[in-house]
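Q: Structure file upload30.cif (mmCIF, N, CA and C atoms) right here:
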data_entry
loop_
_atom_site.label_atom_id
_atom_site.label_comp_id
_atom_site.auth_asym_id
_atom_site.auth_seq_id
_atom_site.Cartn_x
_atom_site.Cartn_y
_atom_site.Cartn_z
N MET A 1 0.83 -1.16 0.00
CA MET A 1 0.00 0.00 0.00
C MET A 1 0.89 1.23 0.00
N PHE A 2 0.40 2.31 -0.62
CA PHE A 2 1.15 3.56 -0.66
C PHE A 2 0.71 4.47 0.47
N LEU A 3 1.68 5.09 1.12
CA LEU A 3 1.42 6.06 2.18
C LEU A 3 1.26 7.44 1.55
N PRO A 4 0.67 8.40 2.27
CA PRO A 4 0.45 9.72 1.71
C PRO A 4 1.71 10.41 1.19
N ASP A 5 2.87 10.09 1.77
CA ASP A 5 4.12 10.73 1.33
C ASP A 5 4.77 10.03 0.13
N GLY A 6 4.09 9.02 -0.43
CA GLY A 6 4.60 8.33 -1.62
C GLY A 6 5.39 7.08 -1.33
N GLN A 7 5.75 6.84 -0.08
CA GLN A 7 6.45 5.60 0.26
C GLN A 7 5.46 4.43 0.17
N MET A 8 6.00 3.25 -0.03
CA MET A 8 5.17 2.06 -0.12
C MET A 8 5.45 1.17 1.09
N LEU A 9 4.39 0.64 1.68
CA LEU A 9 4.50 -0.26 2.81
C LEU A 9 4.10 -1.65 2.34
N VAL A 10 4.96 -2.64 2.60
CA VAL A 10 4.74 -4.00 2.12
C VAL A 10 4.81 -4.96 3.29
N ILE A 11 3.88 -5.90 3.36
CA ILE A 11 3.99 -6.96 4.36
C ILE A 11 4.39 -8.24 3.63
N ASN A 12 5.51 -8.80 4.06
CA ASN A 12 6.05 -10.04 3.49
C ASN A 12 5.75 -11.16 4.49
N ARG A 13 4.97 -12.15 4.07
CA ARG A 13 4.55 -13.22 4.97
C ARG A 13 5.31 -14.50 4.68
N LYS A 14 5.48 -15.32 5.76
CA LYS A 14 6.19 -16.59 5.61
C LYS A 14 5.50 -17.63 6.48
N PHE A 15 5.45 -18.85 5.97
CA PHE A 15 4.91 -19.97 6.73
C PHE A 15 5.92 -21.10 6.72
N ASP A 16 6.24 -21.62 7.91
CA ASP A 16 7.13 -22.77 8.05
C ASP A 16 6.37 -23.91 8.71
N PHE A 17 6.68 -25.12 8.30
CA PHE A 17 6.08 -26.29 8.94
C PHE A 17 6.77 -26.56 10.26
N PRO A 18 6.14 -27.06 11.29
CA PRO A 18 4.80 -27.63 11.21
C PRO A 18 3.70 -26.58 11.25
N TYR A 19 3.87 -25.49 11.97
CA TYR A 19 2.83 -24.46 11.99
C TYR A 19 3.41 -23.19 12.60
N LYS A 20 4.18 -22.44 11.78
CA LYS A 20 4.81 -21.22 12.28
C LYS A 20 4.70 -20.12 11.23
N PHE A 21 4.10 -19.02 11.64
CA PHE A 21 3.99 -17.86 10.77
C PHE A 21 5.00 -16.80 11.20
N SER A 22 5.42 -15.98 10.26
CA SER A 22 6.22 -14.80 10.56
C SER A 22 5.94 -13.78 9.46
N ALA A 23 6.32 -12.53 9.74
CA ALA A 23 6.08 -11.48 8.75
C ALA A 23 7.14 -10.39 8.91
N LEU A 24 7.43 -9.73 7.80
CA LEU A 24 8.30 -8.58 7.78
C LEU A 24 7.50 -7.41 7.22
N LEU A 25 7.63 -6.27 7.84
CA LEU A 25 7.02 -5.05 7.34
C LEU A 25 8.15 -4.22 6.73
N THR A 26 8.02 -3.93 5.44
CA THR A 26 9.08 -3.25 4.70
C THR A 26 8.59 -1.90 4.19
N LEU A 27 9.41 -0.88 4.37
CA LEU A 27 9.11 0.45 3.89
C LEU A 27 9.99 0.74 2.68
N VAL A 28 9.36 1.02 1.54
CA VAL A 28 10.07 1.29 0.30
C VAL A 28 9.99 2.79 0.02
N PRO A 29 11.14 3.44 -0.22
CA PRO A 29 11.13 4.88 -0.51
C PRO A 29 10.23 5.21 -1.71
N ALA A 30 9.75 6.43 -1.75
CA ALA A 30 8.89 6.87 -2.86
C ALA A 30 9.59 6.63 -4.20
N PHE A 31 8.83 6.18 -5.18
CA PHE A 31 9.37 5.90 -6.50
C PHE A 31 8.26 6.07 -7.52
N GLU A 32 8.64 6.16 -8.77
CA GLU A 32 7.68 6.24 -9.86
C GLU A 32 7.38 4.81 -10.32
N PRO A 33 6.14 4.32 -10.12
CA PRO A 33 5.81 2.95 -10.54
C PRO A 33 6.05 2.76 -12.04
N THR A 34 6.81 1.73 -12.36
CA THR A 34 7.13 1.40 -13.74
C THR A 34 7.01 -0.11 -13.91
N PRO A 35 6.30 -0.58 -14.96
CA PRO A 35 6.19 -2.03 -15.16
C PRO A 35 7.56 -2.69 -15.23
N GLY A 36 7.73 -3.77 -14.49
CA GLY A 36 8.98 -4.52 -14.51
C GLY A 36 10.07 -3.97 -13.62
N LYS A 37 9.85 -2.83 -12.99
CA LYS A 37 10.88 -2.23 -12.14
C LYS A 37 10.94 -2.96 -10.79
N THR A 38 12.14 -3.23 -10.32
CA THR A 38 12.34 -3.84 -9.01
C THR A 38 12.64 -2.75 -8.00
N VAL A 39 11.98 -2.83 -6.85
CA VAL A 39 12.24 -1.86 -5.80
C VAL A 39 12.74 -2.58 -4.56
N THR A 40 13.49 -1.88 -3.73
CA THR A 40 13.96 -2.46 -2.48
C THR A 40 13.61 -1.49 -1.36
N GLY A 41 13.49 -2.05 -0.17
CA GLY A 41 13.13 -1.22 0.96
C GLY A 41 13.88 -1.63 2.21
N LYS A 42 13.48 -1.02 3.31
CA LYS A 42 14.09 -1.29 4.60
C LYS A 42 13.08 -1.98 5.50
N VAL A 43 13.49 -3.09 6.12
CA VAL A 43 12.62 -3.78 7.06
C VAL A 43 12.48 -2.91 8.30
N ILE A 44 11.22 -2.57 8.64
CA ILE A 44 10.99 -1.71 9.81
C ILE A 44 10.35 -2.47 10.97
N ALA A 45 9.86 -3.68 10.70
CA ALA A 45 9.30 -4.50 11.78
C ALA A 45 9.40 -5.96 11.39
N ARG A 46 9.68 -6.77 12.38
CA ARG A 46 9.76 -8.23 12.20
C ARG A 46 8.79 -8.83 13.22
N ILE A 47 7.82 -9.60 12.72
CA ILE A 47 6.84 -10.23 13.59
C ILE A 47 7.06 -11.74 13.52
N ASP A 48 7.79 -12.26 14.51
CA ASP A 48 8.05 -13.70 14.53
C ASP A 48 7.93 -14.29 15.92
N ASN A 49 7.48 -13.49 16.86
CA ASN A 49 7.24 -13.97 18.21
C ASN A 49 5.98 -14.84 18.20
N PRO A 50 6.05 -16.09 18.65
CA PRO A 50 4.87 -16.97 18.61
C PRO A 50 3.64 -16.40 19.32
N ALA A 51 3.85 -15.48 20.27
CA ALA A 51 2.72 -14.91 20.99
C ALA A 51 1.84 -14.04 20.10
N ILE A 52 2.42 -13.44 19.05
CA ILE A 52 1.62 -12.58 18.17
C ILE A 52 1.70 -12.94 16.70
N ALA A 53 2.60 -13.83 16.30
CA ALA A 53 2.74 -14.16 14.88
C ALA A 53 1.55 -14.99 14.41
N ASP A 54 1.04 -14.65 13.26
CA ASP A 54 -0.07 -15.38 12.65
C ASP A 54 -0.06 -15.04 11.17
N ASN A 55 -1.06 -15.47 10.44
CA ASN A 55 -1.13 -15.24 9.00
C ASN A 55 -1.71 -13.86 8.71
N PHE A 56 -0.89 -12.82 8.90
CA PHE A 56 -1.35 -11.45 8.68
C PHE A 56 -1.69 -11.25 7.21
N GLU A 57 -2.86 -10.68 6.97
CA GLU A 57 -3.30 -10.55 5.59
C GLU A 57 -3.94 -9.21 5.27
N GLY A 58 -3.98 -8.31 6.22
CA GLY A 58 -4.53 -6.99 5.96
C GLY A 58 -3.60 -5.91 6.46
N LEU A 59 -3.51 -4.82 5.73
CA LEU A 59 -2.59 -3.73 6.05
C LEU A 59 -3.29 -2.42 5.75
N ALA A 60 -3.26 -1.50 6.70
CA ALA A 60 -3.86 -0.18 6.50
C ALA A 60 -3.03 0.85 7.23
N ALA A 61 -3.23 2.11 6.87
CA ALA A 61 -2.53 3.21 7.53
C ALA A 61 -3.49 4.36 7.73
N SER A 62 -3.33 5.04 8.84
CA SER A 62 -4.09 6.26 9.09
C SER A 62 -3.11 7.34 9.51
N THR A 63 -3.38 8.57 9.11
CA THR A 63 -2.48 9.67 9.39
C THR A 63 -3.24 10.79 10.09
N ASP A 64 -2.64 11.35 11.12
CA ASP A 64 -3.20 12.50 11.81
C ASP A 64 -2.05 13.42 12.22
N ALA A 65 -2.34 14.39 13.05
CA ALA A 65 -1.33 15.37 13.44
C ALA A 65 -0.14 14.74 14.16
N SER A 66 -0.36 13.59 14.81
CA SER A 66 0.73 12.95 15.54
C SER A 66 1.60 12.05 14.66
N GLY A 67 1.20 11.82 13.42
CA GLY A 67 1.98 10.98 12.52
C GLY A 67 1.15 9.90 11.86
N THR A 68 1.83 8.83 11.44
CA THR A 68 1.19 7.73 10.72
C THR A 68 1.09 6.51 11.62
N THR A 69 -0.10 5.93 11.66
CA THR A 69 -0.34 4.70 12.41
C THR A 69 -0.54 3.57 11.40
N ILE A 70 0.15 2.45 11.63
CA ILE A 70 0.04 1.28 10.77
C ILE A 70 -0.82 0.24 11.47
N TRP A 71 -1.75 -0.33 10.75
CA TRP A 71 -2.64 -1.38 11.26
C TRP A 71 -2.40 -2.66 10.47
N ILE A 72 -2.22 -3.78 11.19
CA ILE A 72 -2.03 -5.08 10.55
C ILE A 72 -3.06 -6.03 11.16
N VAL A 73 -3.74 -6.79 10.32
CA VAL A 73 -4.83 -7.64 10.81
C VAL A 73 -4.71 -9.06 10.25
N THR A 74 -5.20 -9.99 11.03
CA THR A 74 -5.34 -11.38 10.61
C THR A 74 -6.69 -11.86 11.11
N ASP A 75 -7.20 -12.92 10.53
CA ASP A 75 -8.43 -13.50 11.05
C ASP A 75 -8.23 -14.99 11.26
N ASP A 76 -9.10 -15.58 12.04
CA ASP A 76 -8.92 -16.99 12.41
C ASP A 76 -9.37 -17.98 11.34
N ASN A 77 -10.02 -17.50 10.29
CA ASN A 77 -10.47 -18.38 9.20
C ASN A 77 -11.30 -19.56 9.71
N TYR A 78 -11.92 -19.39 10.87
CA TYR A 78 -12.70 -20.46 11.51
C TYR A 78 -11.85 -21.72 11.74
N PHE A 79 -10.56 -21.51 11.98
CA PHE A 79 -9.61 -22.61 12.19
C PHE A 79 -9.06 -22.48 13.60
N PRO A 80 -9.14 -23.53 14.40
CA PRO A 80 -8.77 -23.42 15.82
C PRO A 80 -7.31 -23.05 16.10
N LEU A 81 -6.40 -23.24 15.17
CA LEU A 81 -5.00 -22.91 15.40
C LEU A 81 -4.67 -21.47 15.02
N GLN A 82 -5.63 -20.74 14.46
CA GLN A 82 -5.40 -19.35 14.10
C GLN A 82 -6.23 -18.44 15.00
N ARG A 83 -5.85 -17.15 15.01
CA ARG A 83 -6.56 -16.17 15.84
C ARG A 83 -6.88 -14.94 15.02
N THR A 84 -7.80 -14.15 15.52
CA THR A 84 -8.07 -12.85 14.95
C THR A 84 -7.29 -11.83 15.77
N LEU A 85 -6.39 -11.11 15.10
CA LEU A 85 -5.54 -10.13 15.77
C LEU A 85 -5.56 -8.82 15.00
N LEU A 86 -5.49 -7.73 15.74
CA LEU A 86 -5.33 -6.41 15.14
C LEU A 86 -4.17 -5.74 15.86
N LEU A 87 -3.09 -5.47 15.12
CA LEU A 87 -1.91 -4.84 15.70
C LEU A 87 -1.83 -3.39 15.22
N ARG A 88 -1.40 -2.53 16.10
CA ARG A 88 -1.27 -1.11 15.77
C ARG A 88 0.15 -0.66 16.11
N PHE A 89 0.79 0.00 15.14
CA PHE A 89 2.15 0.51 15.31
C PHE A 89 2.18 1.97 14.91
N LYS A 90 2.99 2.75 15.56
CA LYS A 90 3.22 4.13 15.18
C LYS A 90 4.48 4.16 14.31
N LEU A 91 4.38 4.73 13.14
CA LEU A 91 5.53 4.84 12.23
C LEU A 91 6.39 6.02 12.67
N SER A 92 7.65 5.75 12.98
CA SER A 92 8.57 6.80 13.41
C SER A 92 8.82 7.76 12.27
N ARG A 93 9.00 9.01 12.60
CA ARG A 93 9.29 10.02 11.55
C ARG A 93 10.74 10.10 11.26
#
What does the file become when written as C-alpha cells?
A:
Amino acid sequence: MFLPDGQMLVINRKFDFPYKFSALLTLVPAFEPTPGKTVTGKVIARIDNPAIADNFEGLAASTDASGTTIWIVTDDNYFPLQRTLLLRFKLSR
C-alpha cells in the first residue's frame, strides 16, 4: 500500500512447517511505478514472536497530526489454530 508521502509499505509473509507464521514489514522509498521495475526497501518491523505471529493478511494506515499509524490484521479463518488479531504501530518520523 502507498502512504500519503509516496512511500510504499509492504507486508512479506512466511509460513514454516509444522505451523509457524512470521512477517516482515518493509518500507520502500517513494518511486515512480514502472512495469517490470524492481524496488527495495528497509525492514521496519519483524513479527516472529509466537505470541503474536499469525497469517497477517490486511494492512492499512491512518495519518493525523501525531503521525502515521500502521494497522495489521489477521483472522482466524474459523480454524482453531489461528486467531483474529489487530496490531497497531506508530511509524517513526
Q: Please evaluate the PyMOL selection byres (((chain A and resi 54-64 and name CA) around 12) and name CA) against the structure above and give the resulting residues as an NGL selection string.
A: :A and (1-5 or 7-16 or 19-26 or 47-53 or 65-77 or 79 or 81-91 or 93)
Q: Can you measure CA of Ile44 in chain A to CA of Phe17 in chain A for me? One decimal in Å is fine.
A: 25.1 Å
Q: Separation of atom N of Ser92 in chain A and atom N of Lys37 in chain A, in Å?
A: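 One can read the atom N of Ser92 in chain A to atom N of Lys37 in chain A distance as 27.4 Å.
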Q: In Å, rounded to a single decimal, give me how far atom N of Val43 in chain A is from CA of Ala30 in chain A.
A: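 Between these atoms lies a distance of 14.2 Å.
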Q: From chain A, collect each residue whose DSSP state is strand (DSSP E or B) and return the set as JSON, numbers by chain.
A: {"A": [2, 8, 9, 10, 11, 12, 13, 14, 15, 16, 20, 21, 22, 23, 24, 25, 26, 27, 28, 42, 43, 44, 45, 46, 47, 58, 59, 60, 61, 62, 63, 64, 67, 68, 69, 70, 71, 72, 73, 74, 85, 86, 87, 88, 89, 90, 91]}
Q: Taking all atoms of range 58-66 of chain A that the file lists and extending 4 Å past them on each side, where is the centre of the axis-aligned box and how long are its edges? Answer in Å to one decimal, as AutoDock Vina command-line options.
A:
--center_x -1.5 --center_y 3.5 --center_z 10.6 --size_x 14.1 --size_y 31.7 --size_z 17.8
